[in-house]
file my_file.cif (mmCIF, C-alpha atoms)
data_target
#
loop_
_atom_site.label_atom_id
_atom_site.label_comp_id
_atom_site.auth_asym_id
_atom_site.auth_seq_id
_atom_site.Cartn_x
_atom_site.Cartn_y
_atom_site.Cartn_z
CA LYS I 1 -29.89 -11.76 -29.40
CA ILE I 2 -27.50 -8.84 -29.62
CA LYS I 3 -30.32 -6.57 -30.87
CA GLN I 4 -32.39 -7.58 -27.84
CA GLN I 5 -29.49 -6.77 -25.52
CA ILE I 6 -28.99 -3.37 -27.18
CA HIS I 7 -32.73 -2.66 -26.88
CA SER I 8 -32.56 -3.63 -23.20
CA PHE I 9 -29.51 -1.42 -22.76
CA ASN I 10 -31.27 1.59 -24.32
CA SER I 11 -34.33 0.99 -22.16
CA THR I 12 -32.11 1.02 -19.08
CA LEU I 13 -30.55 4.33 -20.11
CA ASN I 14 -33.98 5.91 -20.66
CA SER I 15 -35.57 4.61 -17.47
CA SER I 16 -36.51 7.10 -14.78
CA ALA I 17 -34.40 5.23 -12.22
CA TYR I 18 -31.32 5.80 -14.32
CA LEU I 19 -32.12 9.44 -15.05
CA GLN I 20 -32.48 10.07 -11.34
CA ALA I 21 -29.08 8.50 -10.59
CA LYS I 22 -26.19 10.74 -9.62
CA PRO I 23 -23.77 11.70 -12.39
CA MET I 24 -20.74 9.46 -12.65
CA LYS I 25 -17.51 10.76 -11.25
CA LEU I 26 -14.40 10.99 -13.41
CA THR I 27 -12.94 7.99 -11.65
CA SER I 28 -15.93 5.90 -12.77
CA LEU I 29 -15.22 6.91 -16.37
CA LEU I 30 -11.62 5.81 -15.97
CA ALA I 31 -12.62 2.47 -14.47
CA SER I 32 -15.16 1.95 -17.25
CA PHE I 33 -12.58 2.62 -19.95
CA TRP I 34 -10.11 0.17 -18.45
CA PHE I 35 -12.88 -2.40 -18.11
CA GLY I 36 -13.80 -2.04 -21.77
CA ALA I 37 -10.18 -2.27 -22.91
CA VAL I 38 -9.52 -5.43 -20.90
CA VAL I 39 -12.71 -7.16 -22.02
CA ARG I 40 -12.13 -6.38 -25.68
CA GLY I 41 -8.51 -7.45 -25.44
CA ALA I 42 -9.51 -10.79 -23.92
CA ALA I 43 -12.21 -11.31 -26.54
CA SER I 44 -10.07 -10.65 -29.60
CA PHE I 45 -8.58 -13.55 -31.57
CA ALA I 46 -5.20 -13.97 -33.20
CA PRO I 47 -4.90 -12.23 -36.60
CA SER I 48 -2.36 -13.50 -39.11
CA ASN I 49 0.35 -11.19 -40.38
CA HIS I 50 -1.13 -11.22 -43.90
CA HIS I 51 -4.69 -10.40 -42.85
CA PHE I 52 -4.00 -8.27 -39.80
CA HIS I 53 -5.87 -5.12 -40.82
CA ASN I 54 -8.73 -7.06 -42.47
CA THR I 55 -9.71 -8.73 -39.18
CA ILE I 56 -9.67 -5.62 -37.00
CA LYS I 57 -13.29 -4.67 -37.63
CA GLN I 58 -14.56 -8.20 -37.06
CA ASN I 59 -12.57 -8.52 -33.81
CA ARG I 60 -13.94 -5.25 -32.53
CA GLN I 61 -17.54 -6.19 -33.32
CA GLN I 62 -17.19 -9.51 -31.49
CA ALA I 63 -15.58 -7.84 -28.51
CA ASN I 64 -18.20 -5.10 -28.37
CA SER I 65 -21.06 -7.58 -28.15
CA LYS I 66 -19.27 -9.50 -25.38
CA GLN I 67 -18.52 -6.26 -23.54
CA LEU I 68 -22.18 -5.22 -23.72
CA THR I 69 -23.41 -8.60 -22.45
CA THR I 70 -20.88 -8.66 -19.61
CA SER I 71 -21.40 -5.06 -18.52
CA LEU I 72 -25.18 -5.44 -18.38
CA ASN I 73 -24.85 -8.42 -16.03
CA ILE I 74 -22.28 -7.06 -13.59
CA ARG I 75 -23.76 -6.64 -10.11
CA GLY I 76 -27.05 -5.35 -11.55
CA GLY I 77 -28.63 -1.92 -11.18
CA GLY I 78 -26.83 1.40 -11.40
CA MET I 79 -23.27 0.06 -11.47
CA SER I 80 -23.87 -2.03 -14.58
CA SER I 81 -25.45 0.94 -16.32
CA SER I 82 -22.59 3.28 -15.46
CA LEU I 83 -20.04 0.77 -16.76
CA SER I 84 -21.92 0.52 -20.03
CA VAL I 85 -22.22 4.25 -20.69
CA LEU I 86 -18.63 4.54 -21.92
CA GLY I 87 -19.05 1.61 -24.32
CA PRO I 88 -19.93 3.77 -27.36
CA ALA I 89 -17.19 6.29 -26.48
CA ALA I 90 -14.64 3.49 -26.18
CA ASP I 91 -15.78 2.15 -29.56
CA VAL I 92 -15.28 5.55 -31.15
CA ILE I 93 -11.78 5.89 -29.67
CA SER I 94 -10.88 2.36 -30.75
CA SER I 95 -12.12 2.94 -34.30
CA THR I 96 -10.26 6.26 -34.45
CA LEU I 97 -6.99 4.65 -33.37
CA VAL I 98 -7.26 1.98 -36.04
CA SER I 99 -8.66 3.78 -39.07
CA GLY I 100 -9.11 7.47 -38.26
CA THR I 101 -6.96 10.20 -39.77
CA PRO I 102 -3.54 10.61 -38.10
CA LEU I 103 -4.73 13.77 -36.36
CA ARG I 104 -7.87 12.10 -35.04
CA ALA I 105 -5.83 9.10 -33.92
CA ILE I 106 -3.57 11.41 -31.91
CA GLY I 107 -6.73 12.89 -30.44
CA GLY I 108 -7.80 9.40 -29.38
CA MET I 109 -4.44 8.87 -27.67
CA TRP I 110 -4.85 12.23 -25.93
CA ALA I 111 -8.31 11.25 -24.69
CA ILE I 112 -6.98 8.02 -23.18
CA SER I 113 -4.04 9.78 -21.56
CA SER I 114 -6.33 12.47 -20.14
CA LEU I 115 -8.64 9.87 -18.59
CA VAL I 116 -5.65 8.78 -16.51
CA ILE I 117 -3.81 12.04 -15.88
CA VAL I 118 -6.71 14.37 -14.98
CA PRO I 119 -8.14 12.40 -12.01
CA LEU I 120 -4.67 11.58 -10.70
CA THR I 121 -3.67 15.25 -10.91
CA PHE I 122 -6.74 16.12 -8.86
CA ILE I 123 -5.51 13.70 -6.18
CA ARG I 124 -1.90 14.92 -6.22
CA GLN I 125 -0.61 17.59 -8.57
CA GLY I 126 2.78 15.86 -8.68
CA TYR I 127 1.19 12.66 -10.00
CA SER I 128 0.94 14.29 -13.42
CA PHE I 129 4.72 13.86 -13.70
CA SER I 130 5.17 10.63 -11.76
CA VAL I 131 2.58 7.90 -11.32
CA GLY I 132 0.32 9.40 -13.97
CA TYR I 133 3.19 9.44 -16.44
CA GLY I 134 3.69 5.69 -16.21
CA LEU I 135 0.01 4.78 -16.02
CA SER I 136 -0.97 6.95 -18.98
CA VAL I 137 1.72 5.40 -21.17
CA ALA I 138 0.60 1.92 -20.12
CA ALA I 139 -3.07 2.81 -20.72
CA MET I 140 -2.42 4.11 -24.24
CA ALA I 141 -0.38 1.06 -25.19
CA LEU I 142 -2.98 -1.28 -23.69
CA ALA I 143 -5.69 0.48 -25.67
CA LEU I 144 -3.65 0.00 -28.84
CA LEU I 145 -3.29 -3.72 -28.21
CA SER I 146 -7.02 -4.00 -27.58
CA SER I 147 -8.04 -1.86 -30.57
CA PHE I 148 -5.85 -3.78 -33.00
CA GLY I 149 -7.14 -7.15 -31.78
CA ILE I 150 -3.89 -8.33 -30.18
CA SER I 151 -4.31 -10.82 -27.34
CA PHE I 152 -1.77 -12.42 -25.01
CA SER I 153 -1.40 -15.37 -27.38
CA THR I 154 -0.47 -13.11 -30.31
CA LEU I 155 1.84 -10.57 -28.65
CA THR I 156 4.83 -11.95 -30.52
CA SER I 157 3.07 -12.17 -33.89
CA SER I 158 4.71 -8.96 -35.16
CA THR I 159 7.34 -6.43 -34.15
CA PRO I 160 4.78 -3.60 -33.65
CA SER I 161 2.77 -5.78 -31.24
CA ILE I 162 5.96 -6.55 -29.28
CA LEU I 163 6.70 -2.82 -29.20
CA ALA I 164 3.23 -2.03 -27.83
CA ALA I 165 3.48 -4.80 -25.22
CA THR I 166 6.91 -3.50 -24.16
CA THR I 167 5.36 -0.05 -23.74
CA VAL I 168 2.63 -1.45 -21.49
CA ILE I 169 5.24 -3.12 -19.29
CA TYR I 170 7.41 0.00 -19.28
CA GLY I 171 4.61 2.28 -18.11
CA ALA I 172 3.14 -0.13 -15.56
CA ARG I 173 6.55 -0.89 -14.03
CA LEU I 174 7.44 2.79 -13.79
CA ALA I 175 4.13 3.74 -12.15
CA LEU I 176 4.39 0.91 -9.63
CA PHE I 177 8.00 1.81 -8.77
CA LEU I 178 7.22 5.50 -8.29
CA LEU I 179 4.22 4.71 -6.11
CA LEU I 180 6.26 2.27 -4.01
CA ARG I 181 9.05 4.81 -3.63
CA GLU I 182 6.61 7.51 -2.56
CA PHE I 183 5.10 5.41 0.23
CA SER I 184 8.39 3.97 1.48
CA VAL I 185 10.68 7.03 1.31
CA ASP I 186 9.61 9.96 3.47
CA SER I 187 11.47 12.59 1.43
CA LYS I 188 9.72 11.52 -1.79
CA ARG I 189 6.32 11.54 -0.11
CA LYS I 190 6.91 15.05 1.17
CA GLN I 191 8.18 16.13 -2.24
CA ILE I 192 5.06 14.88 -4.04
CA LYS I 193 2.82 16.54 -1.45
CA SER I 194 4.69 19.84 -1.78
CA PHE I 195 3.47 20.22 -5.38
CA ASP I 196 -0.14 20.64 -4.19
CA LYS I 197 -0.17 24.42 -4.44
CA THR I 198 -3.00 24.89 -6.97
CA PRO I 199 -6.75 24.33 -6.38
CA ARG I 200 -7.89 21.09 -7.97
CA LEU I 201 -9.98 22.49 -10.80
CA LYS I 202 -7.21 24.90 -11.77
CA ARG I 203 -4.91 21.92 -12.31
CA THR I 204 -6.93 20.84 -15.35
CA PRO I 205 -4.95 22.86 -17.97
CA LEU I 206 -1.69 21.38 -16.66
CA ALA I 207 -3.14 17.87 -16.71
CA LEU I 208 -4.44 18.23 -20.27
CA SER I 209 -1.13 19.69 -21.50
CA VAL I 210 0.89 16.90 -19.92
CA SER I 211 -1.55 14.32 -21.32
CA LEU I 212 -1.00 15.69 -24.83
CA LEU I 213 2.78 15.45 -24.38
CA TYR I 214 2.52 11.80 -23.33
CA ALA I 215 0.29 11.13 -26.34
CA PHE I 216 2.96 12.63 -28.62
CA MET I 217 5.67 10.55 -26.96
CA THR I 218 3.72 7.30 -27.32
CA SER I 219 2.40 8.02 -30.83
CA PRO I 220 5.18 6.06 -32.65
CA ALA I 221 3.69 2.85 -31.22
CA LEU I 222 0.34 3.86 -32.74
CA PHE I 223 1.76 4.43 -36.21
CA ALA I 224 3.86 1.26 -36.04
CA LEU I 225 0.63 -0.72 -35.68
CA ARG I 226 -1.24 1.30 -38.31
CA GLY I 227 1.39 1.08 -41.05
CA ALA I 228 2.95 -2.29 -41.80
CA VAL I 229 6.45 -2.39 -43.28
CA LYS I 230 7.46 -4.72 -46.08
CA ALA I 231 8.72 -8.09 -44.89
CA GLY I 232 12.47 -8.52 -45.31
CA SER I 233 13.02 -4.82 -46.03
CA VAL I 234 15.55 -2.52 -44.38
CA PHE I 235 12.64 -0.82 -42.64
CA GLU I 236 11.65 -4.09 -40.98
CA LYS I 237 15.20 -4.57 -39.70
CA VAL I 238 15.31 -0.99 -38.39
CA GLN I 239 12.01 -1.57 -36.62
CA LEU I 240 13.27 -4.77 -35.00
CA ILE I 241 16.55 -3.19 -33.87
CA SER I 242 14.76 -0.12 -32.52
CA THR I 243 12.29 -2.28 -30.59
CA SER I 244 15.26 -4.15 -29.08
CA VAL I 245 16.82 -0.82 -28.07
CA ALA I 246 13.55 0.19 -26.37
CA ALA I 247 13.39 -3.12 -24.49
CA PHE I 248 17.03 -2.80 -23.40
CA GLY I 249 16.40 0.75 -22.20
CA MET I 250 13.42 -0.45 -20.16
CA VAL I 251 15.54 -3.14 -18.47
CA LEU I 252 18.43 -0.73 -17.81
CA GLU I 253 16.13 1.84 -16.25
CA SER I 254 14.46 -0.82 -14.10
CA VAL I 255 17.78 -2.12 -12.78
CA ALA I 256 19.18 1.37 -12.14
CA ASP I 257 16.00 2.51 -10.40
CA GLN I 258 16.07 -0.51 -8.10
CA GLN I 259 19.77 -0.03 -7.33
CA LYS I 260 19.25 3.58 -6.33
CA TYR I 261 16.12 2.79 -4.36
CA GLU I 262 17.88 0.12 -2.30
CA ALA I 263 20.89 2.35 -1.62
CA LYS I 264 18.76 5.30 -0.51
CA ARG I 265 16.36 3.19 1.53
CA LYS I 266 19.18 1.68 3.60
CA SER I 267 20.75 5.04 4.32
CA LYS I 268 19.60 7.64 6.83
CA GLU I 269 18.05 10.47 4.87
CA THR I 270 19.10 13.02 7.48
CA GLU I 271 22.78 12.37 6.82
CA ASP I 272 24.49 14.30 4.03
CA LYS I 273 26.71 11.37 3.26
CA PHE I 274 27.19 9.83 -0.17
CA VAL I 275 25.99 6.22 -0.12
CA GLY I 276 25.93 5.52 -3.83
CA PRO I 277 24.98 3.56 -5.72
CA SER I 278 28.33 3.38 -7.45
CA SER I 279 28.43 -0.17 -8.85
CA TRP I 280 26.93 -2.11 -11.75
CA SER I 281 25.09 0.28 -14.08
CA TYR I 282 26.38 3.26 -12.11
CA LYS I 283 29.87 2.49 -13.39
CA LEU I 284 28.69 3.20 -16.93
CA VAL I 285 27.27 6.70 -16.36
CA ARG I 286 26.28 8.65 -13.26
CA HIS I 287 22.57 8.49 -14.11
CA PRO I 288 21.90 5.16 -15.87
CA ASN I 289 18.18 5.35 -15.05
CA TYR I 290 17.96 8.48 -17.23
CA LEU I 291 20.01 6.74 -19.92
CA GLY I 292 17.59 3.80 -19.87
CA GLU I 293 14.63 6.14 -20.23
CA ILE I 294 16.26 7.92 -23.16
CA LEU I 295 17.05 4.60 -24.87
CA PHE I 296 13.45 3.46 -24.44
CA TRP I 297 11.95 6.54 -26.07
CA VAL I 298 14.58 6.72 -28.81
CA GLY I 299 13.91 3.04 -29.59
CA LEU I 300 10.16 3.62 -29.60
CA PHE I 301 10.54 6.54 -31.98
CA GLY I 302 12.85 4.58 -34.28
CA ALA I 303 10.48 1.61 -34.43
CA GLY I 304 7.50 3.80 -35.26
CA SER I 305 9.22 6.26 -37.61
CA VAL I 306 9.60 3.65 -40.36
CA SER I 307 5.79 3.66 -40.57
CA PHE I 308 5.38 7.44 -40.59
CA HIS I 309 5.85 7.57 -44.37
CA LYS I 310 4.67 10.99 -45.62
CA SER I 311 2.38 11.78 -42.69
CA ILE I 312 3.25 15.26 -41.44
CA VAL I 313 1.17 14.70 -38.30
CA ALA I 314 3.07 11.52 -37.44
CA TRP I 315 6.48 13.12 -37.94
CA LEU I 316 5.54 16.30 -36.12
CA CYS I 317 3.93 14.66 -33.08
CA GLY I 318 6.54 11.92 -32.76
CA SER I 319 9.45 14.35 -33.11
CA LEU I 320 7.99 16.84 -30.62
CA GLY I 321 7.45 14.05 -28.09
CA LEU I 322 10.99 12.73 -28.48
CA ALA I 323 12.54 16.20 -28.32
CA ALA I 324 10.58 16.98 -25.17
CA ILE I 325 11.61 13.85 -23.26
CA LEU I 326 15.24 14.23 -24.33
CA SER I 327 15.24 17.82 -23.11
CA ILE I 328 13.65 16.80 -19.82
CA MET I 329 16.10 13.96 -19.20
CA LEU I 330 19.22 15.93 -20.10
CA GLY I 331 18.05 18.93 -18.05
CA SER I 332 17.22 16.72 -15.07
CA SER I 333 20.62 15.02 -15.16
CA GLY I 334 22.38 18.39 -15.19
CA ARG I 335 20.39 19.63 -12.22
CA LEU I 336 21.01 16.39 -10.32
CA ASP I 337 24.76 16.65 -10.98
CA ALA I 338 24.75 20.16 -9.50
CA LYS I 339 22.70 19.03 -6.51
CA GLN I 340 25.02 16.10 -5.81
CA GLU I 341 28.09 18.32 -6.12
CA GLU I 342 26.63 20.76 -3.63
CA LYS I 343 25.62 18.03 -1.17
CA TYR I 344 28.47 15.52 -1.48
CA GLY I 345 31.33 17.60 -2.90
CA GLY I 346 34.60 16.95 -1.06
CA GLN I 347 33.56 13.54 0.29
CA PRO I 348 36.22 10.94 -0.70
CA LYS I 349 33.75 8.26 -1.83
CA TYR I 350 31.80 10.67 -3.99
CA GLU I 351 34.91 12.28 -5.52
CA GLU I 352 36.37 8.86 -6.30
CA TRP I 353 33.17 7.72 -8.02
CA LYS I 354 32.80 10.99 -9.96
CA ASP I 355 36.41 10.78 -11.19
CA ALA I 356 35.92 7.16 -12.28
CA VAL I 357 32.57 7.79 -13.99
CA LYS I 358 33.12 10.85 -16.14
CA TYR I 359 29.88 10.83 -18.11
CA SER I 360 26.63 12.12 -16.69
CA VAL I 361 23.93 10.36 -18.73
CA ILE I 362 25.24 9.50 -22.23
CA PRO I 363 28.52 7.58 -22.58
CA PHE I 364 31.32 9.59 -24.22
CA PHE I 365 29.33 12.84 -23.89
CA LYS I 366 30.05 14.94 -20.81
#

call {"tool": "encode", "arguments": {"input": "my_file.cif", "output": "structure tokens"}}
result
Amino acid sequence: KIKQQIHSFNSTLNSSAYLQAKPMKLTSLLASFWFGAVVRGAASFAPSNHHFHNTIKQNRQQANSKQLTTSLNIRGGGMSSSLSVLGPAADVISSTLVSGTPLRAIGGMWAISSLVIVPLTFIRQGYSFSVGYGLSVAAMALALLSSFGISFSTLTSSTPSILAATTVIYGARLALFLLLREFSVDSKRKQIKSFDKTPRLKRTPLALSVSLLYAFMTSPALFALRGAVKAGSVFEKVQLISTSVAAFGMVLESVADQQKYEAKRKSKETEDKFVGPSSWSYKLVRHPNYLGEILFWVGLFGAGSVSFHKSIVAWLCGSLGLAAILSIMLGSSGRLDAKQEEKYGGQPKYEEWKDAVKYSVIPFFK
């Protein structure tokens, strides 16, 4: 039956009607990839901890046949064909993530990230650093869950699967928050629009570079799934603790982001008056959202590093990604401190809060 479906699929591709169809846009490729990832994730079954890697190939084969059948029956005609075109490409990426060389696996992560970042950067150049950042991280982690045959019922079957699921939530939450903030806060909407200074096609090198950085940052989740650690070992405990740190960082960032959003939304943006926030997480450090982001990526790196072993590619890519995000966060906090001092300096409420909260982003480090 599957052979007949494949034959039918090939006939559709070779038909004159299909050849005369317009080329798919990049957004169609993105939609097709997400469709394939979701279908394969739903089709996969729960692997046991002892036979995890042995069932990957079988899961993928079952999912591929279901994906092909489903895609060929969606809405009929050109749309079904266009959704099916990326099937082989998605299979290659999935196989590369699971069993390809470390360098090829990083390439697979880069491809997934680029499918998200490039079209969004064409829409808004600033999306490469905001909405695209969150969505690309979520897309890569979702692809990992799908490729390794992890379904909703088996998310808690191992620490690496929990780590990947946490990364999906982290990226999706961040993208949704940034999009909501853009459309509800005029200053943020104007700021995002102000980045559109380069013609769309000339934004491609920036988009690809940023996509590679996000692939490096997320790569520890890939290697955590690829390389199992010995049960009961110190490495397993380190992986569990690091995953907990990542989850805590995600929660801290979420709470701090919401606090700041509510405070700014209630204030009049035209007034140069300090309105906070200055309570809850903002009593710990002045920028707890940055602290949460740092904790997430440090935790992700720690959980994946125990599976790096002697892979130079894993250590190099993971370390570069972590160093980059740490540099960005620490640099951003310093610039924000200077901006706040210039705007609110001398105001009693601001000076009182700054004196009480002495640390910018990392406790005990000024």

call {"tool": "closest_residue", "arguments": {"input": "my_file.cif", "among": "I:Gln191, I:Ser99, I:Ser279, I:Gln239", "to": "Ser161 (chain I)", "atoms": "all atoms listed in the file"}}
result
I:Gln239

call {"tool": "resolve_selection", "arguments": {"input": "my_file.cif", "expression": "the PyMOL selection byres ((chain I and resi 148) around 8)", "output": "PyMOL selection string"}}
result
chain I and resi 53+56+98+144-147+149-150+225

call {"tool": "closest_residue", "arguments": {"input": "my_file.cif", "among": "I:Arg124, I:Val168, I:Ile106, I:Phe364", "to": "Leu316 (chain I)", "atoms": "all atoms listed in the file"}}
result
I:Ile106

call {"tool": "closest_atom_pairs", "arguments": {"input": "my_file.cif", "of": "region 144-211 of chain I", "to": "region 113-117 of chain I", "cutoff": "8 Å", "atoms": "all atoms listed in the file", "output": "JSON lines"}}
result
{"residue": "I:Ala207", "atom": "CA", "partner": "I:Ile117", "partner_atom": "CA", "distance": 5.9}
{"residue": "I:Leu208", "atom": "CA", "partner": "I:Ser114", "partner_atom": "CA", "distance": 6.1}
{"residue": "I:Val210", "atom": "CA", "partner": "I:Ile117", "partner_atom": "CA", "distance": 7.9}
{"residue": "I:Ser211", "atom": "CA", "partner": "I:Ser113", "partner_atom": "CA", "distance": 5.2}

call {"tool": "closest_residue", "arguments": {"input": "my_file.cif", "among": "I:Ala314, I:Ile294, I:Leu179, I:Val361", "to": "Tyr127 (chain I)", "atoms": "all atoms listed in the file"}}
result
I:Leu179

call {"tool": "resolve_selection", "arguments": {"input": "my_file.cif", "expression": "the PyMOL selection byres ((chain I and resi 305) around 8)", "output": "PyMOL selection string"}}
result
chain I and resi 220+223-224+301-304+306-309+315+318

call {"tool": "residues_around", "arguments": {"input": "my_file.cif", "residues": "Thr167 (chain I)", "least_positions_apart": "3", "cutoff": "9 Å", "atoms": "only C-alpha atoms", "output": "ChimeraX atom specification"}}
result
/I:137-138,140-142,162-164,170-172,218,221,246-247,250,296,300

call {"tool": "resolve_selection", "arguments": {"input": "my_file.cif", "expression": "the PyMOL selection byres ((chain I and resi 346-357) around 9)", "output": "PyMOL selection string"}}
result
chain I and resi 273-276+278+282-286+340-341+344-345+358-360

call {"tool": "atom_distance", "arguments": {"input": "my_file.cif", "atom1": "CA of Ile123 (chain I)", "atom2": "CA of Leu291 (chain I)"}}
result
29.8 Å

call {"tool": "residues_around", "arguments": {"input": "my_file.cif", "residues": "Arg200 (chain I)", "least_positions_apart": "2", "cutoff": "10 Å", "atoms": "only C-alpha atoms", "output": "ChimeraX atom specification"}}
result
/I:118-119,121-125,196-198,202-204

call {"tool": "write_last_selection", "arguments": {"input": "my_file.cif", "atoms": "C-alpha atoms", "output": "mmCIF file, in the coordinates of the input"}}
result
data_model
loop_
_atom_site.group_PDB
_atom_site.id
_atom_site.type_symbol
_atom_site.label_atom_id
_atom_site.label_comp_id
_atom_site.auth_asym_id
_atom_site.auth_seq_id
_atom_site.Cartn_x
_atom_site.Cartn_y
_atom_site.Cartn_z
ATOM 1 C CA VAL I 118 -6.710 14.370 -14.980
ATOM 2 C CA PRO I 119 -8.140 12.400 -12.010
ATOM 3 C CA THR I 121 -3.670 15.250 -10.910
ATOM 4 C CA PHE I 122 -6.740 16.120 -8.860
ATOM 5 C CA ILE I 123 -5.510 13.700 -6.180
ATOM 6 C CA ARG I 124 -1.900 14.920 -6.220
ATOM 7 C CA GLN I 125 -0.610 17.590 -8.570
ATOM 8 C CA ASP I 196 -0.140 20.640 -4.190
ATOM 9 C CA LYS I 197 -0.170 24.420 -4.440
ATOM 10 C CA THR I 198 -3.000 24.890 -6.970
ATOM 11 C CA LYS I 202 -7.210 24.900 -11.770
ATOM 12 C CA ARG I 203 -4.910 21.920 -12.310
ATOM 13 C CA THR I 204 -6.930 20.840 -15.350
#

call {"tool": "closest_residue", "arguments": {"input": "my_file.cif", "among": "I:Leu322, I:Ile241, I:Cys317, I:Ile192", "to": "Leu222 (chain I)", "atoms": "all atoms listed in the file"}}
result
I:Cys317

call {"tool": "atom_distance", "arguments": {"input": "my_file.cif", "atom1": "CA of Glu182 (chain I)", "atom2": "CA of Leu201 (chain I)"}}
result
23.8 Å

call {"tool": "closest_residue", "arguments": {"input": "my_file.cif", "among": "I:Thr243, I:Ser130, I:Gln259, I:Ser194", "to": "Ser158 (chain I)", "atoms": "all atoms listed in the file"}}
result
I:Thr243

call {"tool": "atom_distance", "arguments": {"input": "my_file.cif", "atom1": "CA of Pro288 (chain I)", "atom2": "CA of Ala165 (chain I)"}}
result
22.9 Å

call {"tool": "closest_residue", "arguments": {"input": "my_file.cif", "among": "I:Ser136, I:Thr166, I:Ser233, I:Gln258", "to": "Tyr214 (chain I)", "atoms": "only C-alpha atoms"}}
result
I:Ser136
